[in-house]
file upload-v1.pdb (PDB, C-alpha atoms)
ATOM      1  CA  LYS F 561       0.000   0.000   0.000  1.00  0.00           C
ATOM      2  CA  ALA F 562       2.783   2.439   0.885  1.00  0.00           C
ATOM      3  CA  ARG F 563       4.511   1.765  -2.459  1.00  0.00           C
ATOM      4  CA  LEU F 564       1.323   2.590  -4.390  1.00  0.00           C
ATOM      5  CA  GLU F 565       0.823   5.807  -2.432  1.00  0.00           C
ATOM      6  CA  ALA F 566       4.436   6.819  -3.093  1.00  0.00           C
ATOM      7  CA  LEU F 567       4.032   6.159  -6.823  1.00  0.00           C
ATOM      8  CA  GLN F 568       0.792   8.148  -6.913  1.00  0.00           C
ATOM      9  CA  ALA F 569       2.434  11.050  -5.067  1.00  0.00           C
ATOM     10  CA  ARG F 570       5.347  11.180  -7.551  1.00  0.00           C
ATOM     11  CA  ILE F 571       3.079  12.121 -10.435  1.00  0.00           C
ATOM     12  CA  ARG F 572       1.212  14.949  -8.647  1.00  0.00           C
ATOM     13  CA  PRO F 573       3.936  17.637  -8.797  1.00  0.00           C
ATOM     14  CA  HIS F 574       4.440  17.079 -12.550  1.00  0.00           C
ATOM     15  CA  PHE F 575       0.708  17.245 -13.180  1.00  0.00           C
ATOM     16  CA  LEU F 576       0.209  20.276 -10.934  1.00  0.00           C
ATOM     17  CA  PHE F 577       3.148  22.199 -12.431  1.00  0.00           C
ATOM     18  CA  ASN F 578       1.889  21.778 -15.992  1.00  0.00           C
ATOM     19  CA  SER F 579      -1.674  22.653 -15.016  1.00  0.00           C
ATOM     20  CA  ILE F 580      -0.636  25.831 -13.201  1.00  0.00           C
ATOM     21  CA  ASN F 581       1.338  26.892 -16.279  1.00  0.00           C
ATOM     22  CA  THR F 582      -1.804  26.441 -18.340  1.00  0.00           C
ATOM     23  CA  VAL F 583      -3.797  28.687 -16.003  1.00  0.00           C
ATOM     24  CA  THR F 584      -1.113  31.376 -15.761  1.00  0.00           C
ATOM     25  CA  SER F 585      -0.894  31.589 -19.535  1.00  0.00           C
ATOM     26  CA  LEU F 586      -4.575  32.609 -19.576  1.00  0.00           C
ATOM     27  CA  ILE F 587      -4.746  35.131 -16.721  1.00  0.00           C
ATOM     28  CA  ASN F 588      -3.920  38.342 -18.615  1.00  0.00           C
ATOM     29  CA  ASP F 589      -5.504  37.568 -21.966  1.00  0.00           C
ATOM     30  CA  ASN F 590      -8.622  35.711 -20.898  1.00  0.00           C
ATOM     31  CA  PRO F 591      -9.498  35.949 -17.181  1.00  0.00           C
ATOM     32  CA  ASP F 592     -12.838  34.153 -17.656  1.00  0.00           C
ATOM     33  CA  ALA F 593     -11.081  31.232 -19.276  1.00  0.00           C
ATOM     34  CA  ALA F 594      -8.486  31.264 -16.478  1.00  0.00           C
ATOM     35  CA  GLU F 595     -11.296  31.025 -13.921  1.00  0.00           C
ATOM     36  CA  GLU F 596     -12.865  28.121 -15.819  1.00  0.00           C
ATOM     37  CA  ALA F 597      -9.471  26.413 -15.981  1.00  0.00           C
ATOM     38  CA  LEU F 598      -8.975  26.893 -12.229  1.00  0.00           C
ATOM     39  CA  LEU F 599     -12.329  25.214 -11.590  1.00  0.00           C
ATOM     40  CA  ASP F 600     -11.268  22.283 -13.784  1.00  0.00           C
ATOM     41  CA  LEU F 601      -7.885  22.194 -12.036  1.00  0.00           C
ATOM     42  CA  SER F 602      -9.616  22.150  -8.670  1.00  0.00           C
ATOM     43  CA  ASP F 603     -11.679  19.122  -9.706  1.00  0.00           C
ATOM     44  CA  LEU F 604      -8.621  17.390 -11.166  1.00  0.00           C
ATOM     45  CA  PHE F 605      -6.508  18.022  -8.092  1.00  0.00           C
ATOM     46  CA  ARG F 606      -9.303  16.921  -5.764  1.00  0.00           C
ATOM     47  CA  ALA F 607      -9.513  13.651  -7.678  1.00  0.00           C
ATOM     48  CA  SER F 608      -5.753  13.142  -7.528  1.00  0.00           C
ATOM     49  CA  LEU F 609      -5.797  13.582  -3.736  1.00  0.00           C
ATOM     50  CA  ARG F 610      -8.290  10.778  -3.120  1.00  0.00           C
ATOM     51  CA  GLU F 611      -5.736   8.559  -1.411  1.00  0.00           C
ATOM     52  CA  GLU F 612      -8.322   6.175  -0.016  1.00  0.00           C
ATOM     53  CA  GLN F 613      -9.382   5.276  -3.529  1.00  0.00           C
ATOM     54  CA  HIS F 614      -6.717   3.180  -5.237  1.00  0.00           C
ATOM     55  CA  LEU F 615      -8.859   2.202  -8.221  1.00  0.00           C
ATOM     56  CA  ILE F 616     -11.471   4.251 -10.042  1.00  0.00           C
ATOM     57  CA  PRO F 617     -13.915   3.448 -12.849  1.00  0.00           C
ATOM     58  CA  LEU F 618     -12.639   4.169 -16.348  1.00  0.00           C
ATOM     59  CA  SER F 619     -15.532   6.634 -16.687  1.00  0.00           C
ATOM     60  CA  ASP F 620     -13.976   8.764 -13.911  1.00  0.00           C
ATOM     61  CA  GLU F 621     -10.557   8.639 -15.591  1.00  0.00           C
ATOM     62  CA  LEU F 622     -12.157   9.720 -18.862  1.00  0.00           C
ATOM     63  CA  ASP F 623     -13.820  12.637 -17.050  1.00  0.00           C
ATOM     64  CA  LEU F 624     -10.476  13.691 -15.528  1.00  0.00           C
ATOM     65  CA  THR F 625      -8.882  13.536 -18.966  1.00  0.00           C
ATOM     66  CA  ARG F 626     -11.678  15.629 -20.480  1.00  0.00           C
ATOM     67  CA  ARG F 627     -11.226  18.264 -17.768  1.00  0.00           C
ATOM     68  CA  TYR F 628      -7.520  18.402 -18.505  1.00  0.00           C
ATOM     69  CA  LEU F 629      -8.258  18.713 -22.230  1.00  0.00           C
ATOM     70  CA  ASN F 630     -10.691  21.559 -21.487  1.00  0.00           C
ATOM     71  CA  MET F 631      -7.848  23.451 -19.797  1.00  0.00           C
ATOM     72  CA  GLU F 632      -5.448  22.795 -22.663  1.00  0.00           C
ATOM     73  CA  SER F 633      -8.080  23.756 -25.243  1.00  0.00           C
ATOM     74  CA  LEU F 634      -8.427  27.121 -23.533  1.00  0.00           C
ATOM     75  CA  ARG F 635      -4.698  27.642 -23.852  1.00  0.00           C
ATOM     76  CA  LEU F 636      -4.041  26.141 -27.301  1.00  0.00           C
ATOM     77  CA  GLY F 637      -7.331  27.005 -29.008  1.00  0.00           C
ATOM     78  CA  GLU F 638      -7.719  25.644 -32.531  1.00  0.00           C
ATOM     79  CA  ARG F 639      -4.180  24.258 -32.479  1.00  0.00           C
ATOM     80  CA  LEU F 640      -5.477  21.324 -30.405  1.00  0.00           C
ATOM     81  CA  GLN F 641      -7.958  18.874 -31.844  1.00  0.00           C
ATOM     82  CA  VAL F 642      -9.026  15.752 -29.988  1.00  0.00           C
ATOM     83  CA  VAL F 643     -10.419  12.617 -31.590  1.00  0.00           C
ATOM     84  CA  TRP F 644     -12.072  10.153 -29.212  1.00  0.00           C
ATOM     85  CA  GLN F 645     -12.745   6.538 -30.111  1.00  0.00           C
ATOM     86  CA  LEU F 646     -14.451   5.048 -27.074  1.00  0.00           C
ATOM     87  CA  GLU F 647     -16.073   1.708 -26.605  1.00  0.00           C
ATOM     88  CA  GLN F 648     -18.677   2.243 -23.907  1.00  0.00           C
ATOM     89  CA  SER F 649     -18.770  -1.359 -22.675  1.00  0.00           C
ATOM     90  CA  GLY F 650     -15.651  -0.916 -20.523  1.00  0.00           C
ATOM     91  CA  VAL F 651     -16.454   2.356 -18.721  1.00  0.00           C
ATOM     92  CA  GLN F 652     -16.922   0.650 -15.350  1.00  0.00           C
ATOM     93  CA  ILE F 653     -13.602  -1.240 -15.467  1.00  0.00           C
ATOM     94  CA  LEU F 654     -11.486  -0.236 -12.467  1.00  0.00           C
ATOM     95  CA  LEU F 655      -7.992   1.191 -12.935  1.00  0.00           C
ATOM     96  CA  PRO F 656      -5.528   3.331 -10.987  1.00  0.00           C
ATOM     97  CA  PRO F 657      -6.286   7.060 -11.277  1.00  0.00           C
ATOM     98  CA  LEU F 658      -4.241   9.266 -13.586  1.00  0.00           C
ATOM     99  CA  ILE F 659      -3.310   6.558 -16.069  1.00  0.00           C
ATOM    100  CA  LEU F 660      -4.731   8.100 -19.251  1.00  0.00           C
ATOM    101  CA  GLN F 661      -4.450  11.815 -18.423  1.00  0.00           C
ATOM    102  CA  PRO F 662      -0.614  11.876 -18.167  1.00  0.00           C
ATOM    103  CA  LEU F 663      -0.367  10.102 -21.539  1.00  0.00           C
ATOM    104  CA  VAL F 664      -2.586  12.782 -23.086  1.00  0.00           C
ATOM    105  CA  GLU F 665      -0.520  15.465 -21.347  1.00  0.00           C
ATOM    106  CA  ASN F 666       2.662  14.007 -22.877  1.00  0.00           C
ATOM    107  CA  ALA F 667       1.031  13.873 -26.316  1.00  0.00           C
ATOM    108  CA  ILE F 668       0.231  17.576 -26.087  1.00  0.00           C
ATOM    109  CA  TYR F 669       3.575  18.630 -24.608  1.00  0.00           C
ATOM    110  CA  HIS F 670       5.777  16.585 -26.951  1.00  0.00           C
ATOM    111  CA  GLY F 671       3.593  16.431 -30.071  1.00  0.00           C
ATOM    112  CA  ILE F 672       1.140  19.341 -30.318  1.00  0.00           C
ATOM    113  CA  GLU F 673       2.821  22.303 -28.572  1.00  0.00           C
ATOM    114  CA  PRO F 674       6.052  22.265 -30.656  1.00  0.00           C
ATOM    115  CA  ARG F 675       4.070  22.336 -33.922  1.00  0.00           C
ATOM    116  CA  PRO F 676       3.040  25.861 -35.004  1.00  0.00           C
ATOM    117  CA  GLU F 677      -0.047  24.367 -36.667  1.00  0.00           C
ATOM    118  CA  GLY F 678      -0.839  22.106 -33.690  1.00  0.00           C
ATOM    119  CA  GLY F 679      -2.500  18.828 -34.461  1.00  0.00           C
ATOM    120  CA  ALA F 680      -4.831  16.118 -33.273  1.00  0.00           C
ATOM    121  CA  VAL F 681      -4.475  13.861 -30.270  1.00  0.00           C
ATOM    122  CA  GLN F 682      -6.325  10.607 -30.829  1.00  0.00           C
ATOM    123  CA  ILE F 683      -7.511   8.695 -27.764  1.00  0.00           C
ATOM    124  CA  THR F 684      -8.695   5.145 -28.331  1.00  0.00           C
ATOM    125  CA  VAL F 685     -10.186   3.055 -25.528  1.00  0.00           C
ATOM    126  CA  GLU F 686     -11.562  -0.386 -26.251  1.00  0.00           C
ATOM    127  CA  LYS F 687     -12.270  -3.570 -24.390  1.00  0.00           C
ATOM    128  CA  GLU F 688     -11.004  -6.704 -26.058  1.00  0.00           C
ATOM    129  CA  GLY F 689     -11.715  -9.979 -24.335  1.00  0.00           C
ATOM    130  CA  GLY F 690     -10.987  -9.403 -20.672  1.00  0.00           C
ATOM    131  CA  LYS F 691      -8.501  -6.600 -21.295  1.00  0.00           C
ATOM    132  CA  LEU F 692      -8.766  -2.862 -21.641  1.00  0.00           C
ATOM    133  CA  HIS F 693      -6.647  -1.267 -24.377  1.00  0.00           C
ATOM    134  CA  MET F 694      -5.909   2.462 -24.294  1.00  0.00           C
ATOM    135  CA  GLN F 695      -3.889   4.221 -26.977  1.00  0.00           C
ATOM    136  CA  VAL F 696      -2.908   7.868 -27.300  1.00  0.00           C
ATOM    137  CA  THR F 697      -1.404   9.064 -30.576  1.00  0.00           C
ATOM    138  CA  ASN F 698      -0.171  12.461 -31.716  1.00  0.00           C
ATOM    139  CA  PRO F 699       1.732  13.978 -34.631  1.00  0.00           C
ATOM    140  CA  LEU F 700       5.460  14.551 -34.288  1.00  0.00           C
ATOM    141  CA  PRO F 701       7.032  17.989 -34.524  1.00  0.00           C
ATOM    142  CA  GLN F 702       9.033  18.999 -37.622  1.00  0.00           C
ATOM    143  CA  GLY F 703      11.984  16.694 -38.069  1.00  0.00           C
ATOM    144  CA  GLY F 704      10.322  14.034 -35.907  1.00  0.00           C
ATOM    145  CA  ALA F 705      12.028  15.094 -32.688  1.00  0.00           C
ATOM    146  CA  SER F 706      10.236  16.380 -29.611  1.00  0.00           C
ATOM    147  CA  ARG F 707      11.398  19.648 -28.071  1.00  0.00           C
ATOM    148  CA  SER F 708      12.801  17.548 -25.213  1.00  0.00           C
ATOM    149  CA  LYS F 709      13.072  13.884 -24.460  1.00  0.00           C
ATOM    150  CA  GLY F 710      11.613  14.471 -21.000  1.00  0.00           C
ATOM    151  CA  ASN F 711      12.489  12.458 -17.945  1.00  0.00           C
ATOM    152  CA  ARG F 712      10.003   9.636 -18.625  1.00  0.00           C
ATOM    153  CA  LEU F 713       8.706  10.044 -15.067  1.00  0.00           C
ATOM    154  CA  ALA F 714       5.056   9.789 -16.089  1.00  0.00           C
ATOM    155  CA  LEU F 715       5.614   6.677 -18.209  1.00  0.00           C
ATOM    156  CA  GLU F 716       7.658   4.934 -15.520  1.00  0.00           C
ATOM    157  CA  ASN F 717       5.117   5.909 -12.879  1.00  0.00           C
ATOM    158  CA  ILE F 718       2.196   4.566 -14.902  1.00  0.00           C
ATOM    159  CA  ALA F 719       4.036   1.337 -15.680  1.00  0.00           C
ATOM    160  CA  ASP F 720       4.956   0.869 -12.001  1.00  0.00           C
ATOM    161  CA  ARG F 721       1.407   1.495 -10.794  1.00  0.00           C
ATOM    162  CA  LEU F 722      -0.081  -0.845 -13.410  1.00  0.00           C
ATOM    163  CA  SER F 723       2.428  -3.513 -12.404  1.00  0.00           C
ATOM    164  CA  ALA F 724       1.689  -3.009  -8.703  1.00  0.00           C
ATOM    165  CA  HIS F 725      -2.054  -3.481  -9.293  1.00  0.00           C
ATOM    166  CA  TYR F 726      -2.107  -6.088 -12.062  1.00  0.00           C
ATOM    167  CA  GLY F 727       1.343  -7.693 -12.202  1.00  0.00           C
ATOM    168  CA  ASP F 728       2.238  -9.146 -15.586  1.00  0.00           C
ATOM    169  CA  ALA F 729      -1.387  -8.853 -16.768  1.00  0.00           C
ATOM    170  CA  ALA F 730      -0.844  -5.142 -17.548  1.00  0.00           C
ATOM    171  CA  SER F 731       1.613  -3.443 -19.865  1.00  0.00           C
ATOM    172  CA  LEU F 732       2.401   0.029 -21.099  1.00  0.00           C
TER     173      LEU F 732
END

call {"tool": "encode", "arguments": {"input": "upload-v1.pdb", "output": "structure tokens"}}
result
Amino acid sequence: KARLEALQARIRPHFLFNSINTVTSLINDNPDAAEEALLDLSDLFRASLREEQHLIPLSDELDLTRRYLNMESLRLGERLQVVWQLEQSGVQILLPPLILQPLVENAIYHGIEPRPEGGAVQITVEKEGGKLHMQVTNPLPQGGASRSKGNRLALENIADRLSAHYGDAASL
């Protein structure tokens, strides 16, 4: 239990830092949008602090991801398009919180933001047999290289939490 809580706590500062940057970018130009983003951030942060809840329904994770995308849409405008492909039969499957949202955040940071024209993030969630498959895709910046390789913290954290909950039955 302590290991899972430590893994969950590691992702919060990264998530919070990026979200606060989104809000601050809106304050001067669009205070109403900044207020809306703060309300979304409040809901997202409240959900991330639910330490007593180690697994949540996929529907809740999808809602968290949508709230995050609302904040990023305020900041990026038409440069960000989102394509959802959701199979509704798996929405009550339980999973650790903040599994999908950090993947979408990475897709925006590494794929959409560096491109002057932006692009589309595609989120596919489907249930196949007894397994849930989630895929996030995004275009690459010019030359195919991201503006930074990042520290892979989010990916390692997600993989560790999936492994802690599901063992070898889960992969990233």

call {"tool": "resolve_selection", "arguments": {"input": "upload-v1.pdb", "expression": "the PyMOL selection byres ((chain F and resi 664) around 8)", "output": "number ranges by chain"}}
result
F: 625, 660-663, 665-668, 681, 683, 696

call {"tool": "write_last_selection", "arguments": {"input": "upload-v1.pdb", "atoms": "C-alpha atoms", "output": "PDB file, keeping the file's coordinate frame"}}
result
ATOM      1  CA  THR F 625      -8.882  13.536 -18.966  1.00  0.00           C
ATOM      2  CA  LEU F 660      -4.731   8.100 -19.251  1.00  0.00           C
ATOM      3  CA  GLN F 661      -4.450  11.815 -18.423  1.00  0.00           C
ATOM      4  CA  PRO F 662      -0.614  11.876 -18.167  1.00  0.00           C
ATOM      5  CA  LEU F 663      -0.367  10.102 -21.539  1.00  0.00           C
ATOM      6  CA  GLU F 665      -0.520  15.465 -21.347  1.00  0.00           C
ATOM      7  CA  ASN F 666       2.662  14.007 -22.877  1.00  0.00           C
ATOM      8  CA  ALA F 667       1.031  13.873 -26.316  1.00  0.00           C
ATOM      9  CA  ILE F 668       0.231  17.576 -26.087  1.00  0.00           C
ATOM     10  CA  VAL F 681      -4.475  13.861 -30.270  1.00  0.00           C
ATOM     11  CA  ILE F 683      -7.511   8.695 -27.764  1.00  0.00           C
ATOM     12  CA  VAL F 696      -2.908   7.868 -27.300  1.00  0.00           C
TER      13      VAL F 696
END

call {"tool": "resolve_selection", "arguments": {"input": "upload-v1.pdb", "expression": "the PyMOL selection byres ((chain F and resi 600) around 9)", "output": "PDB file with C-alpha atoms, keeping the file's coordinate frame"}}
result
ATOM      1  CA  GLU F 595     -11.296  31.025 -13.921  1.00  0.00           C
ATOM      2  CA  GLU F 596     -12.865  28.121 -15.819  1.00  0.00           C
ATOM      3  CA  ALA F 597      -9.471  26.413 -15.981  1.00  0.00           C
ATOM      4  CA  LEU F 598      -8.975  26.893 -12.229  1.00  0.00           C
ATOM      5  CA  LEU F 599     -12.329  25.214 -11.590  1.00  0.00           C
ATOM      6  CA  LEU F 601      -7.885  22.194 -12.036  1.00  0.00           C
ATOM      7  CA  SER F 602      -9.616  22.150  -8.670  1.00  0.00           C
ATOM      8  CA  ASP F 603     -11.679  19.122  -9.706  1.00  0.00           C
ATOM      9  CA  LEU F 604      -8.621  17.390 -11.166  1.00  0.00           C
ATOM     10  CA  PHE F 605      -6.508  18.022  -8.092  1.00  0.00           C
ATOM     11  CA  LEU F 624     -10.476  13.691 -15.528  1.00  0.00           C
ATOM     12  CA  ARG F 627     -11.226  18.264 -17.768  1.00  0.00           C
ATOM     13  CA  TYR F 628      -7.520  18.402 -18.505  1.00  0.00           C
ATOM     14  CA  ASN F 630     -10.691  21.559 -21.487  1.00  0.00           C
ATOM     15  CA  MET F 631      -7.848  23.451 -19.797  1.00  0.00           C
TER      16      MET F 631
END

call {"tool": "resolve_selection", "arguments": {"input": "upload-v1.pdb", "expression": "the PyMOL selection byres ((chain F and resi 695) around 7)", "output": "ChimeraX atom specification"}}
result
/F:683-685,693-694,696-697

call {"tool": "write_last_selection", "arguments": {"input": "upload-v1.pdb", "atoms": "C-alpha atoms", "output": "tab-separated table (two decimals), keeping the file's coordinate frame"}}
result
chain	number	residue	atom	x	y	z
F	683	ILE	CA	-7.51	8.70	-27.76
F	684	THR	CA	-8.70	5.14	-28.33
F	685	VAL	CA	-10.19	3.06	-25.53
F	693	HIS	CA	-6.65	-1.27	-24.38
F	694	MET	CA	-5.91	2.46	-24.29
F	696	VAL	CA	-2.91	7.87	-27.30
F	697	THR	CA	-1.40	9.06	-30.58

call {"tool": "closest_residue", "arguments": {"input": "upload-v1.pdb", "among": "F:Pro657, F:Asp589, F:Arg606, F:Trp644", "to": "F:Leu618", "atoms": "all atoms listed in the file"}}
result
F:Pro657

call {"tool": "atom_distance", "arguments": {"input": "upload-v1.pdb", "atom1": "atom CA of F:Leu715", "atom2": "atom CA of F:Asn581"}}
result
20.8 Å

call {"tool": "closest_residue", "arguments": {"input": "upload-v1.pdb", "among": "F:Pro656, F:Gly678, F:Pro701, F:Pro617", "to": "F:Arg635", "atoms": "all atoms listed in the file"}}
result
F:Gly678

call {"tool": "axis_aligned_box", "arguments": {"input": "upload-v1.pdb", "around": "stretch 636-649 of chain F", "padding_each_side": "4 Å", "output": "JSON"}}
result
{"center_x": -11.4, "center_y": 12.8, "center_z": -27.6, "size_x": 22.7, "size_y": 36.4, "size_z": 17.9}

call {"tool": "atom_distance", "arguments": {"input": "upload-v1.pdb", "atom1": "atom CA of F:Glu686", "atom2": "atom CA of F:Glu647"}}
result
5.0 Å
